[in-house]
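Enquirer: Shown below is the structure under consideration.
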Amino acid sequence: MASPHRVAVLLLEPVIGFDAAIAPTLFGAAVDATGAPLYEVTVCGLTTGSVSASTGFGIVPPAGAEALTTADTVVIPGTRYPPARLHGRLDEDVATALASVPASARRMSICTGAFVLAAAGVLDGRPATTHWQHTTTFSGLYPRVHLDPNVLFVDDGDVLTSAGLAAGIDLCLHVIRRDHGAQVANAVARYCVVSPSREGGQAQFIQTPLPADDGASTAATRSWAGAHLQEPLTIRRLAEHAGMSPRTFIRRFQEETGQPPGEWVRRRRLDRARELLEVHGSELSVDEVARLSGLGSGANLRHHLRRGLGMSPSSYRRAFAGP
């Protein structure tokens, strides 16, 4: 049996207490069909001394920076660590600790943990995100990073960053889904009582003037569309269901989800196709999965899976279908 994937969560004070708990909770809840853990999570500091949290308590990590040297994934939770947050640099002890991470390891940040990865040079020339409230400061300190302030997380392969606070949950669920499929990620989401996949990006949370509240919402239509993915879902049909003009519907939909309706429908259909491939194994043909998920044809399903995941339906089924 393969050893669990080793995750090291590095706390730098003052750490954001909420962020510090996200990765241990979610990765720690991921198990295989026999109940065996899929990740071995170690919370560490630069030493084993207490790490102060921004919310008035201390965290005593069970390991020091040596845990980084054998990690397969390193997570940097949000932090107010002054050198990275204010001056665009790292103290020598932090730089040394991060330099000890294996070159093959995956690196992740939650919220303002991105400042630490950027100060270490990990994000130079890469796309990334952080909490919307700190994007101006971040861009000023780290102009070589391609910052996207509108998304919940950025997956750049071996380097992943999330937006503020709860977006770290979205990122960890995404990584679990990428590693072990939708069934495992959905089980973790159910345990944590959160949505397996949130809609939109952090643009919807940025402080902007609110649109006039006319009592209209696309929520009921989104719920209806999710149950009718195999049917044609044109803008006109969706707008008619919502009782709005197409123009008003598109505007309201994007205000509420951060996505155009067409992109939202495509993502829901791809999620449904992945679930069908996992749950039904070889019982359904690729064409049948495409039909039931609303993607139309096997060729269209293959196109979207390859574009989104770099996998064919058959390889996805082999990787993630349950026993």
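Residues are named by chain letter and number: chains run A, B, ... in the order of the structure tokens, numbers start at 1 in each chain, and ligands are numbered from 1 in the order shown.
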Taking the backbone alone, and naming residues the way the document does, which bits of stretch 45-176 of chain A are strand (DSSP E or B) by DSSP, as a PyMOL selection string?
Expert: chain A and resi 51-53+58-59+63+73-76+79+106-109+127-128+146-147+153-155+159-162
Enquirer: Could you check which of A:Ser223, A:Thr55, A:Ser104, A:Thr42 is closest to A:Val15, using only C-alpha atoms?
Expert: A:Thr55
Enquirer: Quick one: pull the distance between atom CA of A:Pro61 and atom CA of A:Gly17, Å, one decimal.
Expert: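 Going from atom CA of A:Pro61 over to atom CA of A:Gly17, I get 12.8 Å.
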Enquirer: Please list as a list in words every residue within 12 Å of A:Gly125, counting only C-alpha atoms and excluding residues in the same chain fewer than 2 positions away.
Expert: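 What passes the distance filter is Ala118, Gly121, Val122, Leu123, Pro127, Ala128, Tyr142, Pro143, Arg144, Val145, His146, Leu147, Asp156 and Val159 of chain A.
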Enquirer: Just the selected residues (N, CA and C atoms), exported as a compact mmCIF listing (two decimals), in the first residue's frame, please.
Expert:
# COMPACT_ATOMS: atom_id res chain seq x y z
N ALA A 118 5.48 34.71 -2.49
CA ALA A 118 6.01 35.74 -3.39
C ALA A 118 7.37 36.25 -2.92
N GLY A 121 10.15 34.19 -3.93
CA GLY A 121 10.39 34.11 -5.37
C GLY A 121 9.63 33.01 -6.07
N VAL A 122 8.81 32.27 -5.33
CA VAL A 122 8.10 31.12 -5.90
C VAL A 122 7.07 31.55 -6.93
N LEU A 123 6.51 32.76 -6.77
CA LEU A 123 5.43 33.20 -7.64
C LEU A 123 5.89 34.07 -8.80
N PRO A 127 0.82 33.09 -12.38
CA PRO A 127 -0.47 33.62 -11.94
C PRO A 127 -0.70 33.27 -10.47
N ALA A 128 -1.37 34.14 -9.73
CA ALA A 128 -1.62 33.90 -8.32
C ALA A 128 -2.76 34.80 -7.87
N TYR A 142 5.24 43.00 -5.13
CA TYR A 142 5.64 41.86 -5.96
C TYR A 142 5.13 42.05 -7.39
N PRO A 143 5.68 43.00 -8.12
CA PRO A 143 5.18 43.32 -9.47
C PRO A 143 5.42 42.20 -10.48
N ARG A 144 6.30 41.25 -10.18
CA ARG A 144 6.58 40.16 -11.14
C ARG A 144 5.53 39.04 -11.08
N VAL A 145 4.64 39.12 -10.11
CA VAL A 145 3.58 38.11 -9.98
C VAL A 145 2.36 38.55 -10.79
N HIS A 146 1.79 37.64 -11.55
CA HIS A 146 0.60 37.94 -12.35
C HIS A 146 -0.63 37.75 -11.46
N LEU A 147 -0.98 38.79 -10.72
CA LEU A 147 -2.04 38.68 -9.72
C LEU A 147 -3.42 38.79 -10.35
N ASP A 156 -1.79 26.61 -10.63
CA ASP A 156 -0.73 26.69 -11.63
C ASP A 156 0.15 25.45 -11.58
N VAL A 159 2.14 24.97 -8.03
CA VAL A 159 1.99 26.12 -7.14
C VAL A 159 0.54 26.58 -7.20
Enquirer: Which is closest to A:Asp170 among A:Leu301, A:Ala30, A:Leu152, A:Val101, if we use only C-alpha atoms?
Expert: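 Of A:Leu301, A:Ala30, A:Leu152, A:Val101, the one nearest A:Asp170, counting only C-alpha atoms, is A:Leu152.
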Enquirer: Tell me which protein, DNA and RNA residues are within 9 Å of A:Ile76, counting only C-alpha atoms, leaving out same-chain ones fewer than 3 positions away, and put them as a list in words.
Expert: Ala8, Val9, Leu10, Leu11, Leu12, Asp19, Ala20, Thr79, Arg107, Met108, Ser109, Ile110, Cys111, Thr112, Gly113, Ala114, Val116 and Leu117 of chain A
Enquirer: Go ahead and save the residues from that selection, with C-alpha atoms, as a PDB file, in the first residue's frame.
Expert:
ATOM      1  CA  ALA A   8       3.283  20.158   5.980  1.00  0.00           C
ATOM      2  CA  VAL A   9       1.411  23.271   7.139  1.00  0.00           C
ATOM      3  CA  LEU A  10       3.887  26.013   8.066  1.00  0.00           C
ATOM      4  CA  LEU A  11       2.674  28.567  10.623  1.00  0.00           C
ATOM      5  CA  LEU A  12       4.351  31.983  10.538  1.00  0.00           C
ATOM      6  CA  ASP A  19      -6.560  29.770   7.953  1.00  0.00           C
ATOM      7  CA  ALA A  20      -4.267  27.638  10.103  1.00  0.00           C
ATOM      8  CA  THR A  79      -0.259  35.459   8.082  1.00  0.00           C
ATOM      9  CA  ARG A 107       3.428  24.604  -2.758  1.00  0.00           C
ATOM     10  CA  MET A 108       0.136  26.152  -1.650  1.00  0.00           C
ATOM     11  CA  SER A 109      -0.874  29.364   0.072  1.00  0.00           C
ATOM     12  CA  ILE A 110      -4.099  30.400   1.735  1.00  0.00           C
ATOM     13  CA  CYS A 111      -5.101  34.069   1.789  1.00  0.00           C
ATOM     14  CA  THR A 112      -2.108  36.297   2.652  1.00  0.00           C
ATOM     15  CA  GLY A 113       0.199  33.277   2.743  1.00  0.00           C
ATOM     16  CA  ALA A 114       0.761  34.279  -0.891  1.00  0.00           C
ATOM     17  CA  VAL A 116       5.348  34.567   1.787  1.00  0.00           C
ATOM     18  CA  LEU A 117       5.515  32.524  -1.415  1.00  0.00           C
TER      19      LEU A 117
END
Enquirer: Residues at most 10 Å from A:Pro232, counting only C-alpha atoms, excluding those fewer than 3 positions away in the same chain, as a PDB file with C-alpha atoms, in the first residue's frame?
Expert:
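So the final result, stored in selection-v8.pdb, reads:
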ATOM      1  CA  ALA A 225     -30.876  24.464 -14.216  1.00  0.00           C
ATOM      2  CA  HIS A 228     -32.024  19.950 -15.934  1.00  0.00           C
ATOM      3  CA  LEU A 229     -28.454  19.952 -17.223  1.00  0.00           C
ATOM      4  CA  ILE A 235     -29.954  32.328 -22.193  1.00  0.00           C
ATOM      5  CA  ARG A 237     -34.827  29.815 -21.660  1.00  0.00           C
ATOM      6  CA  LEU A 238     -33.029  30.621 -18.419  1.00  0.00           C
ATOM      7  CA  GLY A 294     -25.803  17.960 -21.179  1.00  0.00           C
ATOM      8  CA  LEU A 295     -22.465  18.038 -22.982  1.00  0.00           C
ATOM      9  CA  GLY A 296     -24.083  16.550 -26.082  1.00  0.00           C
TER      10      GLY A 296
END
Enquirer: Just the number, please: distance in Å from atom CA of A:Thr130 to atom CA of A:Val41, one decimal.
Expert: 23.2 Å
Enquirer: Apply DSSP to the backbone of this structure and, from stretch 20-174 of chain A, keep only the residues in helix (DSSP H, G or I); write these as a ChimeraX atom specification.
Expert: /A:20-29,65-70,82-87,92-99,113-119,132-141,167-174
Enquirer: Between A:Arg247, A:Arg307, A:Arg274, A:Arg126, which is the closest to A:Arg177 once you count only C-alpha atoms?
Expert: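 For A:Arg177, the nearest of the candidates is A:Arg274.
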